[in-house]
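What follows is a single structure, written as structure tokens, with notes after it.
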Amino acid sequence: MRKLTTFLVLIALSVCVAAADEARRPLRVGLTPAFLHDQHRLLTYWRSHMELTLGRNVEFVVRDSYSETMDLLRLEKLDFAWICDYPYLRLKREVRLLAVPVYRGKPLYRSYIIVPATDNRSKSLDDLRGTVFAFADPYSNTGYLYPRYALTKRSADPNAFFGRTFFTWSHRGVVEAVATGLAQGGAVDSYVWDALAELRPELTGRTRIVERSPEFGFPPLVAHRSVSDADFRAMQRMLLDMPSSPHGAEILRQFRLDGFVEGSPKLYDGVAAMMRAFGEQ
Amino acid sequence: MKFFFDLSYRYKIPIWGSVLIIVPAFMVSALLITSAYDDLKHEVIAGSENLARTLSRSLFGAMLHDDVWRAFQLVRSPLPRAGQGDAITMENLIVLDTNRRVYVSTAPADFPMLAEFAALGDEFRAVATRLDEAKQDEPLIVELPSSDRIYIMTPIAEDEARMGTLVLVHTKESFRSRFHAIAQRALFTTALILAVLLPINWYWARRTVVPLTQLADRAGQVAYRVPEDLAPEIYNYQDELGRLYQAFGLMIKALRDKERLEKEMIQSERLAAVGRLSAGIAHEINNPLAGMLVALDNFKRRGGADERTLKTASMIERGLTQIKETVAAMMVEARSASRNVSAQDMGDVQTLVAADARKKSVRLVFEGSPVDPIALPATPVRQILINLLLNAIQASDPGGEVACAIALDAGSLRIEIVNGGKPLPPERVEHLFEPFAGRSESGHGLGLWVTYQIAAQLGGRIQVESAHGLTHFVVTLPTGALA
């Protein structure tokens with residue numbers, strides 16, 4: 001009897017320890033090139049803001065391509081992630097919408113088709129037939145899905161329209177590829193291009209926007225469905241409250257965002273339609 | 001060419017020395033500069049080869065995955081950022097695919113993606129023909145004679161699978177600027193060395209040449225006259241030149257002594273001839289003269305002559321007496337038997353000339369009066385002393401000094417008489433001992449001639465030297481056995 005009691009106590013203790021472990025485990029947040037994810041000082045600042053607000057350790061997991069972050073989400077190696085709208089729809093079964101950034105008053109952004117500034121001839125995507133074209137990432141909406149969709153809408157075959165295409169694995173890379181003349185055209189996230197126009201005007205100055213897409217839902221922050229409601233709500237609250245704290249407001253200012261809203265999956269219906277056009281989903 | 005060899009050493013040695021300094025200095029610096037250029041080129045190529053090897057390995061992966069962007073970032077990374085102008089910079093890195101089309105390059109504007117490499121220009125067409133020569137891990141270096149670029153080509157391959165070729169393009173311009181800096185430094189150093197060596201060369205050459213030219217000048221004079229003395233301070237070292245210099249100096253001295261001896265010998269021979277002639281004439285005159293005087297004397301003693309005739313006879317007698325005195329003065333007879341000269345004779349001489357000295361306020365200084373009798377006849381020695389002393393007193397300025405030193409050494413008596421009067425010009429010295437040479441109001445000019453004849457008859461000689469405001473008469477008389 002005594003032995004049994006001891007055994008039960010031990011089990012109870014180990015459960016407690018496990019629970020404590022669970023509480024101590026850092027929250028893992030995946031970051032992608034959906035924004036300028038190489039602003040390391042700003043990220044450090046944001047992480048400590050999160051840790052202070054949540055009272056939890058937070059770990060940022062930075063990957064240079066969408067697919068890697070998507071894989072980590074699928075494998076439950078991440079709790080949260082800031083991903084592009086297109087991967088969000090691809091991962092809809094595994095993740096749920098956490099928050100949508102508000103950019104220039106709206107949770108929306110668009111795709112820019114850019115050409116080198118030296119090219120003063122091209123007026124739209126149509127003029128780039130046979131050229132070398134830079135895409136951001138095969139899982140990017142504005143940097144891949146939209147320009148291809150736009151071509152199909154103009155009865156062109158996106159696989160044969162360009163002379164050669166390549167991926168730069170980031171929106172900044174697209175701007176650089178076009179600015180250096182490596183590519184004669186590229187598709188880039190409007191949020192990234194606008195931010196670069198402020199941070200590196202000499203880079204964006206060597207490019208020219210020839211076409212702007214319709215607006216799409218902004219790359220959202222998502223939570224894996226395995227994340228507990230408590231953690232989900234805590235994280236969401238933290239994001240929504242950022243504008244009201246001085247630190248949070250400063251971080252948002254540096255991200256060039258107005259804040260976060262809860263958002264609705266409906267925001268991404270336009271993207272879903274484009275995906276359907278390519279036979280996805 | 002002969003013109004150069006005919007040049008004076010004054011120019012030839014410094015020019016030759018300068019040529020020997022300048023030519024090697026520039027040859028060495030040219031050699032250094034050339035080797036620096038080669039080293040630099042080698043360094044650039046070696047560095048590029050390493051880079052090419054490393055880069056081609058990374059590029060293989062990127063091209064295998066057809067990742068243009070990664071390939072672009074790889075080739076872009078070794079290019080220096082702006083502001084690192086000092087580094088050896090590459091002009092371009094170009095990645096070609098297996099179809100020899102541009103895969104990526106660091107200058108997409110000049111080498112756009114998909115462009116045919118050979119179609120980019122004549123130079124590239126020539127380079128493209130050699131693309132296949134590039135072996136793995138052994139980059140191929142191509143330098144076209146017409147081009148300013150160096151191409152380093154490396155296959156992008158692994159295990160026989162070739163993805164393309166990496167071409168590194170260097171402009172020679174990029175290391176030429178660094179080379180210019182090295183060359184400039186080398187030339188500056190050379191100039192600095194020359195600035196030190198050339199003046200040393202000129203100075204040393206001058207030191208050698210000045211005595212040489214002087215020697216040559218003096219040697220050229222030897223044929224015509226005894227050359228002037230060499231300036232001894234010009235070259236007083238003991239090397240060959242110094243010894244030559246000293247030997248030449250001794251030769252000049254010997255020549256001068258010889259010339260002086262010759263002159264003296266000619267003079268004494270001339271004087272001896274004159275002496276013999278005058279003595280002969282004097283004897284010839286003396287005999288009839290004595291007869292004539294005796295005849296006149298008899299004539300006067302006989303009487304009977306009128307007043308006028310007696311007056312004429314008396315006039316003839318006075319004339320003949322004058323001739324007799326003159327002739328007597330010319331008939332120097334030193335060999336007559338006489339007693340030996342003694343200290344007393346010296347005292348007598350002093351007393352005899354003292355009156356003349358006083359009259360002219362000339363101070364007389366005597367030294368070294370001999371104590372023992374000397375084996376020389378007293379009369380001619382006294383005559384020599386008196387003649388020379390009176391002569392000296394006469395030549396002295398009032399208030400001046402006449403010194404007489406008498407010394408006896410190894411078989412000869414040496415008498416030196418010095419006065420500080422007007423110096424004798426050399427042309428007078430030459431004819432000083434000739435009869436009537438010193439004719440003046442005060443004498444018949446036979447005194448010195450007589451003195452010379454006496455000294456000559458005694459086997460001695462007289463030398464005169466007039467220099468530095470003093471006139472020396474030195475008489476040397478060999479002594480014989482005491483009489």
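Identifiers in the structure tokens: chain A, B, ... in order shown; residue index from 1 per chain; ligand index from 1 in order shown.
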With a cut-off of 10 Å, could you pull out the residues of region 7-28 of chain B touching region 213-233 of chain B and give me the nearest pair of atoms for each, distance in Å to one decimal, using only C-alpha atoms, ordered by chain and ascending number, as JSON lines?
{"residue": "B:Ser8", "atom": "CA", "partner": "B:Thr213", "partner_atom": "CA", "distance": 8.3}
{"residue": "B:Tyr9", "atom": "CA", "partner": "B:Thr213", "partner_atom": "CA", "distance": 7.8}
{"residue": "B:Arg10", "atom": "CA", "partner": "B:Thr213", "partner_atom": "CA", "distance": 7.8}
Give the strand (DSSP E) residues of region 112-251 of chain B, as DSSP finds them on the backbone, and put them as an mmCIF file with N, CA and C atoms, in the first residue's frame.
data_model
loop_
_atom_site.group_PDB
_atom_site.id
_atom_site.type_symbol
_atom_site.label_atom_id
_atom_site.label_comp_id
_atom_site.auth_asym_id
_atom_site.auth_seq_id
_atom_site.Cartn_x
_atom_site.Cartn_y
_atom_site.Cartn_z
ATOM 1 N N LEU B 140 42.734 27.220 -67.116
ATOM 2 C CA LEU B 140 43.449 27.601 -68.338
ATOM 3 C C LEU B 140 43.564 29.124 -68.378
ATOM 4 N N ILE B 141 44.791 29.569 -68.590
ATOM 5 C CA ILE B 141 45.003 31.019 -68.650
ATOM 6 C C ILE B 141 45.187 31.417 -70.100
ATOM 7 N N VAL B 142 44.361 32.326 -70.547
ATOM 8 C CA VAL B 142 44.435 32.753 -71.939
ATOM 9 C C VAL B 142 44.745 34.245 -71.977
ATOM 10 N N GLU B 143 45.829 34.563 -72.698
ATOM 11 C CA GLU B 143 46.179 35.970 -72.908
ATOM 12 C C GLU B 143 46.246 36.178 -74.402
ATOM 13 N N ARG B 149 43.310 41.973 -71.715
ATOM 14 C CA ARG B 149 42.684 41.186 -70.655
ATOM 15 C C ARG B 149 43.363 39.828 -70.505
ATOM 16 N N ILE B 150 43.207 39.280 -69.288
ATOM 17 C CA ILE B 150 43.677 37.918 -69.040
ATOM 18 C C ILE B 150 42.441 37.101 -68.686
ATOM 19 N N TYR B 151 42.280 35.960 -69.326
ATOM 20 C CA TYR B 151 41.124 35.104 -69.063
ATOM 21 C C TYR B 151 41.595 33.867 -68.314
ATOM 22 N N ILE B 152 40.893 33.567 -67.227
ATOM 23 C CA ILE B 152 41.214 32.356 -66.487
ATOM 24 C C ILE B 152 39.962 31.487 -66.514
ATOM 25 N N MET B 153 40.070 30.358 -67.175
ATOM 26 C CA MET B 153 38.882 29.532 -67.411
ATOM 27 C C MET B 153 38.970 28.228 -66.634
ATOM 28 N N THR B 154 37.907 27.928 -65.940
ATOM 29 C CA THR B 154 37.857 26.717 -65.119
ATOM 30 C C THR B 154 36.557 25.979 -65.428
ATOM 31 N N PRO B 155 36.637 24.683 -65.659
ATOM 32 C CA PRO B 155 35.390 23.950 -65.890
ATOM 33 C C PRO B 155 34.590 23.855 -64.589
ATOM 34 N N ILE B 156 33.285 23.944 -64.723
ATOM 35 C CA ILE B 156 32.420 23.702 -63.572
ATOM 36 C C ILE B 156 31.956 22.257 -63.739
ATOM 37 N N ALA B 157 32.664 21.391 -63.053
ATOM 38 C CA ALA B 157 32.399 19.967 -63.303
ATOM 39 C C ALA B 157 32.707 19.162 -62.058
ATOM 40 N N GLU B 158 32.066 18.051 -61.973
ATOM 41 C CA GLU B 158 32.379 17.099 -60.911
ATOM 42 C C GLU B 158 32.180 15.712 -61.486
ATOM 43 N N ALA B 161 30.919 15.095 -64.905
ATOM 44 C CA ALA B 161 29.692 15.797 -65.271
ATOM 45 C C ALA B 161 29.999 17.277 -65.350
ATOM 46 N N ARG B 162 29.880 17.805 -66.549
ATOM 47 C CA ARG B 162 30.266 19.203 -66.716
ATOM 48 C C ARG B 162 29.013 20.055 -66.862
ATOM 49 N N MET B 163 28.957 21.093 -66.016
ATOM 50 C CA MET B 163 27.806 21.987 -66.057
ATOM 51 C C MET B 163 28.101 23.236 -66.882
ATOM 52 N N GLY B 164 29.352 23.529 -67.043
ATOM 53 C CA GLY B 164 29.696 24.745 -67.790
ATOM 54 C C GLY B 164 31.116 25.167 -67.482
ATOM 55 N N THR B 165 31.390 26.426 -67.721
ATOM 56 C CA THR B 165 32.742 26.950 -67.521
ATOM 57 C C THR B 165 32.665 28.292 -66.794
ATOM 58 N N LEU B 166 33.595 28.454 -65.862
ATOM 59 C CA LEU B 166 33.699 29.748 -65.184
ATOM 60 C C LEU B 166 34.836 30.530 -65.850
ATOM 61 N N VAL B 167 34.540 31.727 -66.267
ATOM 62 C CA VAL B 167 35.566 32.564 -66.911
ATOM 63 C C VAL B 167 35.799 33.793 -66.040
ATOM 64 N N LEU B 168 37.073 33.923 -65.560
ATOM 65 C CA LEU B 168 37.443 35.120 -64.798
ATOM 66 C C LEU B 168 38.146 36.075 -65.751
ATOM 67 N N VAL B 169 37.718 37.296 -65.764
ATOM 68 C CA VAL B 169 38.327 38.270 -66.671
ATOM 69 C C VAL B 169 39.059 39.332 -65.854
ATOM 70 N N HIS B 170 40.355 39.434 -66.114
ATOM 71 C CA HIS B 170 41.160 40.484 -65.471
ATOM 72 C C HIS B 170 41.552 41.484 -66.529
ATOM 73 N N THR B 171 41.512 42.743 -66.186
ATOM 74 C CA THR B 171 42.156 43.689 -67.095
ATOM 75 C C THR B 171 43.560 43.899 -66.570
#
Residues at most 10 Å from Tyr45 (chain A), counting only C-alpha atoms, excluding those fewer than 4 positions away in the same chain, as a ChimeraX atom specification?
/A:40-41,49-50,247-248,250-251
Tell me, in Å to one decimal, how far CA of Ile384 (chain B) is from CA of Leu448 (chain B).
8.8 Å
Distance filter 10 Å, only C-alpha atoms, chain B against chain A, as a list in words:
Asp66, Asp67, Val68, Trp69, Arg70, Phe72, Gln73, Val104, Ser105, Thr106, Ala107, Pro108, Ala109, Asp110, Phe111, Pro112, Met113 and Leu114 of chain B
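Within 12 Å of Lys92 (chain A), once only C-alpha atoms are used and residues closer than 3 positions along the same chain are dropped, the contacting residues are A:Met70, A:Leu73, A:Arg74, A:Ile83, A:Asp85, A:Tyr86, A:Pro87, A:Tyr88, A:Leu89, A:Val95, A:Arg96, A:Leu97, A:Pro220, A:Val222, A:Ala223, A:His224, A:Arg225, A:Pro265, A:Tyr268, A:Ala272, A:Gln281.
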Looking only at helix (DSSP H, G or I) from DSSP on the backbone, list the matching residues of region 267-347 of chain B as a PyMOL selection string.
chain B and resi 267-302+307-330+343-347
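Comparing B:Ser396, B:Phe175, B:Pro139, B:Arg206 by their smallest distance to Glu49 (chain B), the closest is B:Pro139 (using only C-alpha atoms).
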Of the candidates B:Leu477, B:Ala46, B:Leu389, B:Ile281, which one gets nearest to Glu138 (chain B) if we count only C-alpha atoms?
B:Ala46
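Here CA of Asn287 (chain B) and CA of Ala272 (chain B) stand 22.7 Å from one another.
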One decimal, in Å: what's the spacing between CA of Gly280 (chain B) and CA of Met331 (chain B)?
8.8 Å
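Remark: for His171 (chain A), the closest of the candidate residues A:Tyr103, A:Phe260, A:Trp82, A:Tyr112 is A:Tyr112 (distances computed over only C-alpha atoms).
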List the neighbours of Met274 (chain A) out to 12 Å using only C-alpha atoms; skip same-chain residues closer than 5 positions along the sequence, and give me the result as a list in words.
Asp85, Tyr86, Leu89, Asn141, Thr142, Tyr144, Leu145, Tyr146, Pro147, Arg148, Tyr149, Ala150, Leu151, Thr152, Lys153, Phe216, Tyr268, Asp269, Gly279, Glu280 and Gln281 of chain A
Save out the residues we just selected, C-alpha atoms, as a short mmCIF file (atom, residue, chain, number, x, y, z; two decimals), in the first residue's frame.
data_model
loop_
_atom_site.label_atom_id
_atom_site.label_comp_id
_atom_site.auth_asym_id
_atom_site.auth_seq_id
_atom_site.Cartn_x
_atom_site.Cartn_y
_atom_site.Cartn_z
CA ASP A 85 -1.04 34.38 -48.38
CA TYR A 86 -0.50 31.64 -50.98
CA LEU A 89 -4.11 28.73 -48.42
CA ASN A 141 1.54 35.02 -54.49
CA THR A 142 2.74 38.42 -55.63
CA TYR A 144 4.95 34.05 -58.71
CA LEU A 145 1.28 33.16 -58.65
CA TYR A 146 -0.13 36.52 -59.69
CA PRO A 147 2.18 37.26 -62.67
CA ARG A 148 1.56 33.78 -64.03
CA TYR A 149 -2.17 34.20 -63.48
CA ALA A 150 -2.08 37.59 -65.21
CA LEU A 151 -0.42 35.99 -68.23
CA THR A 152 -3.07 33.29 -68.50
CA LYS A 153 -5.75 35.97 -68.30
CA PHE A 216 -4.77 40.82 -52.12
CA TYR A 268 -7.81 35.53 -49.42
CA ASP A 269 -10.59 34.51 -51.75
CA GLY A 279 -5.97 23.62 -60.94
CA GLU A 280 -4.80 23.76 -57.36
CA GLN A 281 -6.81 23.14 -54.17
#
Check the smallest atom-to-atom distance from each of B:Leu96, B:Leu424, B:Leu144, B:Leu55 to Leu131 (chain B) using only C-alpha atoms, then report the winner.
B:Leu96
Env of Arg208 (chain A): 7 Å cut, atoms = only C-alpha atoms, seq-sep filter 2 positions within chain, self excluded. Answer as a PDB file with N, CA and C atoms, in the first residue's frame.
ATOM      1  N   ILE A 114       8.139  44.868 -62.119  1.00  0.00           N
ATOM      2  CA  ILE A 114       9.176  45.898 -62.257  1.00  0.00           C
ATOM      3  C   ILE A 114      10.134  45.545 -63.395  1.00  0.00           C
ATOM      4  N   VAL A 115      10.746  46.586 -63.952  1.00  0.00           N
ATOM      5  CA  VAL A 115      11.772  46.413 -64.993  1.00  0.00           C
ATOM      6  C   VAL A 115      12.948  47.304 -64.593  1.00  0.00           C
ATOM      7  N   PRO A 116      14.137  47.065 -65.174  1.00  0.00           N
ATOM      8  CA  PRO A 116      15.258  47.961 -64.855  1.00  0.00           C
ATOM      9  C   PRO A 116      14.936  49.392 -65.272  1.00  0.00           C
ATOM     10  N   ALA A 117      15.444  50.352 -64.529  1.00  0.00           N
ATOM     11  CA  ALA A 117      15.174  51.761 -64.833  1.00  0.00           C
ATOM     12  C   ALA A 117      15.718  52.130 -66.209  1.00  0.00           C
ATOM     13  N   ARG A 206      16.858  52.019 -59.245  1.00  0.00           N
ATOM     14  CA  ARG A 206      17.336  51.431 -60.495  1.00  0.00           C
ATOM     15  C   ARG A 206      16.285  50.511 -61.118  1.00  0.00           C
ATOM     16  N   VAL A 210       6.115  48.845 -63.751  1.00  0.00           N
ATOM     17  CA  VAL A 210       5.341  49.012 -64.987  1.00  0.00           C
ATOM     18  C   VAL A 210       3.897  48.531 -64.824  1.00  0.00           C
TER      19      VAL A 210
END
Can you tell me, as a list in words, what residues are no more than 8 Å from Gln463 (chain B) when counting only C-alpha atoms, ignoring any on the same chain fewer than 2 positions away?
Arg461, Glu465, His472, Phe473, Val474 and Val475 of chain B
